[in-house]
Amino acid sequence: MSITVRHAASTAVITIDRPDKLNALDFTTIDELSAWLDNASTDDSIRSVVLTGSGDRAFSAGADISCLAQSIDAGTAHALQDIVARGQGLTRRIEQFSKPVIAAVNGLAYGGGCEIVEATHLAVAADHASFAKPEISLGFPPPFGGSQRLPRHIGRKRALEMILTGDAVDAQRAHEMGLINHVVPASDLLATALELAVRIERHAPTAVHACLAAVTRGINLPIDEGLAVEAAWFATTVPTAGVRRGLDRFLSRSDMTSQ
């Protein structure tokens, strides 16, 4: 297995476990991550996911170059299927996952590793982490969705500087640009990610799912279409027990303060 999974209460911690390869994403690792997410999507015991890398050097150095080379040598059709379809499938699965996926970036996140961070809903980074888009040095653009998601996250010109130069940015700069949510000491990384998960998990699962879906599906739409997406997801929550509990808690507190 190229990944390991452990559970911290209702949070699943997935570790990319190829430390000798700087947690590079070979095809097996990508397939295992995708399959695990497929299974976890219907597991009610899992409320959120923290995704990290093994060791303290790398979250993921990106796609395994030997795998890329073999597929590219086999021709364009093989490369599109093996690399692009597989990589974009994983990042799309993460982005559209019905439960929060939080990246705990424990070192360098390059290439496909950076693209996974872009696809996660939230990200916390150790203070020694770094981020880069080095695909241009191999002669091609980011193939796992990075040419599309990064500009949407940090703006066109900032994204193009990373994509066109291939230069790395440190964790503080990534935070300033909006690629990650928090920078913490490495010793606090996993605890911070798990605490963030707990802060989300205190809310109703139906509400969390609706918020994720409304933002993910509406963010790139014209505002009127996005508002329609928001309304539709609001409507799905109205008859749920989570709404009833939330209203009852609020009203009971209001009654107590008014007495």
# chains A, B, ... in the order shown; residues from 1 in each chain; ligands from 1
>>> select_by_dssp(residues="range 95-202 of chain A", states="alpha helix (DSSP H)", output="VMD selection string")
chain A and resid 95 112 to 119 146 to 154 156 to 165 171 to 177 189 to 201
>>> select_by_dssp(residues="range 29-209 of chain A", states="strand (DSSP E)", output="PyMOL selection string")
chain A and resi 48-53+58-60+101-105+108-110+122-126+130-132+169-170+182-184
>>> closest_atom_pairs(of="range 74-169 of chain A", to="range 185-204 of chain A", cutoff="8 Å", atoms="only C-alpha atoms", output="JSON lines")
{"residue": "A:Pro100", "atom": "CA", "partner": "A:Ala197", "partner_atom": "CA", "distance": 7.7}
{"residue": "A:Ile102", "atom": "CA", "partner": "A:Ala193", "partner_atom": "CA", "distance": 6.8}
{"residue": "A:Ala103", "atom": "CA", "partner": "A:Ala193", "partner_atom": "CA", "distance": 7.6}
{"residue": "A:Ala104", "atom": "CA", "partner": "A:Ala193", "partner_atom": "CA", "distance": 6.2}
{"residue": "A:Val105", "atom": "CA", "partner": "A:Leu189", "partner_atom": "CA", "distance": 7.9}
{"residue": "A:Asn106", "atom": "CA", "partner": "A:Ala186", "partner_atom": "CA", "distance": 6.9}
{"residue": "A:Ala123", "atom": "CA", "partner": "A:Ala193", "partner_atom": "CA", "distance": 7.9}
{"residue": "A:Val124", "atom": "CA", "partner": "A:Ala193", "partner_atom": "CA", "distance": 6.4}
{"residue": "A:Ala125", "atom": "CA", "partner": "A:Leu189", "partner_atom": "CA", "distance": 6.7}
{"residue": "A:Ala126", "atom": "CA", "partner": "A:Ala186", "partner_atom": "CA", "distance": 4.5}
{"residue": "A:Asp127", "atom": "CA", "partner": "A:Pro185", "partner_atom": "CA", "distance": 5.4}
{"residue": "A:His128", "atom": "CA", "partner": "A:Ala186", "partner_atom": "CA", "distance": 7.4}
>>> residues_around(residues="Gly218 in chain A", least_positions_apart="6", cutoff="12 Å", atoms="only C-alpha atoms", output="JSON, numbers by chain")
{"A": [96, 210, 211, 212, 224, 225, 226, 227, 228, 229, 230, 231, 232, 233]}
>>> residues_around(residues="range 13-17 of chain A", least_positions_apart="5", cutoff="6 Å", atoms="only C-alpha atoms", output="PyMOL selection string")
chain A and resi 2-7+23+49-54
>>> residues_around(residues="range 169-171 of chain A", least_positions_apart="3", cutoff="10 Å", atoms="only C-alpha atoms", output="CSV table (one decimal) with N, CA and C atoms, in the first residue's frame")
chain,number,residue,atom,x,y,z
A,105,VAL,N,0.3,20.1,5.2
A,105,VAL,CA,1.5,20.1,4.3
A,105,VAL,C,2.7,20.1,5.2
A,107,GLY,N,5.9,19.5,4.3
A,107,GLY,CA,7.2,19.7,3.6
A,107,GLY,C,6.9,20.2,2.2
A,108,LEU,N,7.7,19.9,1.3
A,108,LEU,CA,7.5,20.4,-0.1
A,108,LEU,C,6.3,19.8,-0.7
A,124,VAL,N,-3.4,23.5,5.9
A,124,VAL,CA,-2.5,24.0,7.0
A,124,VAL,C,-1.1,23.6,6.6
A,125,ALA,N,-0.1,24.5,6.7
A,125,ALA,CA,1.3,24.1,6.3
A,125,ALA,C,2.2,24.3,7.5
A,126,ALA,N,3.2,23.4,7.6
A,126,ALA,CA,4.3,23.6,8.5
A,126,ALA,C,5.2,24.8,8.0
A,127,ASP,N,5.9,25.4,8.9
A,127,ASP,CA,6.6,26.6,8.5
A,127,ASP,C,7.8,26.4,7.6
A,128,HIS,N,8.2,25.1,7.4
A,128,HIS,CA,9.3,24.8,6.5
A,128,HIS,C,8.7,24.3,5.2
A,129,ALA,N,7.4,24.3,5.0
A,129,ALA,CA,6.9,23.8,3.7
A,129,ALA,C,7.1,24.8,2.6
A,130,SER,N,7.1,24.2,1.4
A,130,SER,CA,7.3,25.0,0.2
A,130,SER,C,6.4,24.5,-0.9
A,131,PHE,N,6.1,25.3,-1.9
A,131,PHE,CA,5.1,25.0,-2.9
A,131,PHE,C,5.7,25.4,-4.3
A,132,ALA,N,5.6,24.6,-5.3
A,132,ALA,CA,6.1,24.9,-6.6
A,132,ALA,C,5.3,24.2,-7.7
A,133,LYS,N,5.4,24.8,-8.9
A,133,LYS,CA,4.8,24.2,-10.1
A,133,LYS,C,5.9,24.0,-11.1
A,162,MET,N,4.2,31.5,-10.8
A,162,MET,CA,4.6,30.2,-10.4
A,162,MET,C,4.7,29.2,-11.5
A,166,GLY,N,8.4,28.1,-12.5
A,166,GLY,CA,8.7,26.9,-11.8
A,166,GLY,C,9.3,27.1,-10.4
A,174,ALA,N,2.9,31.5,0.5
A,174,ALA,CA,1.7,30.8,0.1
A,174,ALA,C,0.5,31.2,0.9
A,175,HIS,N,0.7,31.5,2.1
A,175,HIS,CA,-0.4,32.0,3.0
A,175,HIS,C,-0.8,33.4,2.6
A,176,GLU,N,0.1,34.2,2.3
A,176,GLU,CA,-0.2,35.6,1.8
A,176,GLU,C,-1.0,35.6,0.5
A,177,MET,N,-0.7,34.6,-0.3
A,177,MET,CA,-1.4,34.5,-1.6
A,177,MET,C,-2.7,33.9,-1.5
A,179,LEU,N,-3.2,30.5,-0.9
A,179,LEU,CA,-3.1,29.1,-1.2
A,179,LEU,C,-3.4,28.2,0.0
A,180,ILE,N,-3.0,28.7,1.2
A,180,ILE,CA,-3.2,27.9,2.4
A,180,ILE,C,-3.8,28.8,3.4
A,182,HIS,N,-3.3,28.4,7.1
A,182,HIS,CA,-2.5,28.7,8.3
A,182,HIS,C,-1.1,28.2,8.1
A,183,VAL,N,-0.2,28.8,8.7
A,183,VAL,CA,1.2,28.4,8.8
A,183,VAL,C,1.5,28.2,10.3
A,184,VAL,N,2.0,27.0,10.7
A,184,VAL,CA,2.3,26.6,12.1
A,184,VAL,C,3.6,25.9,12.2
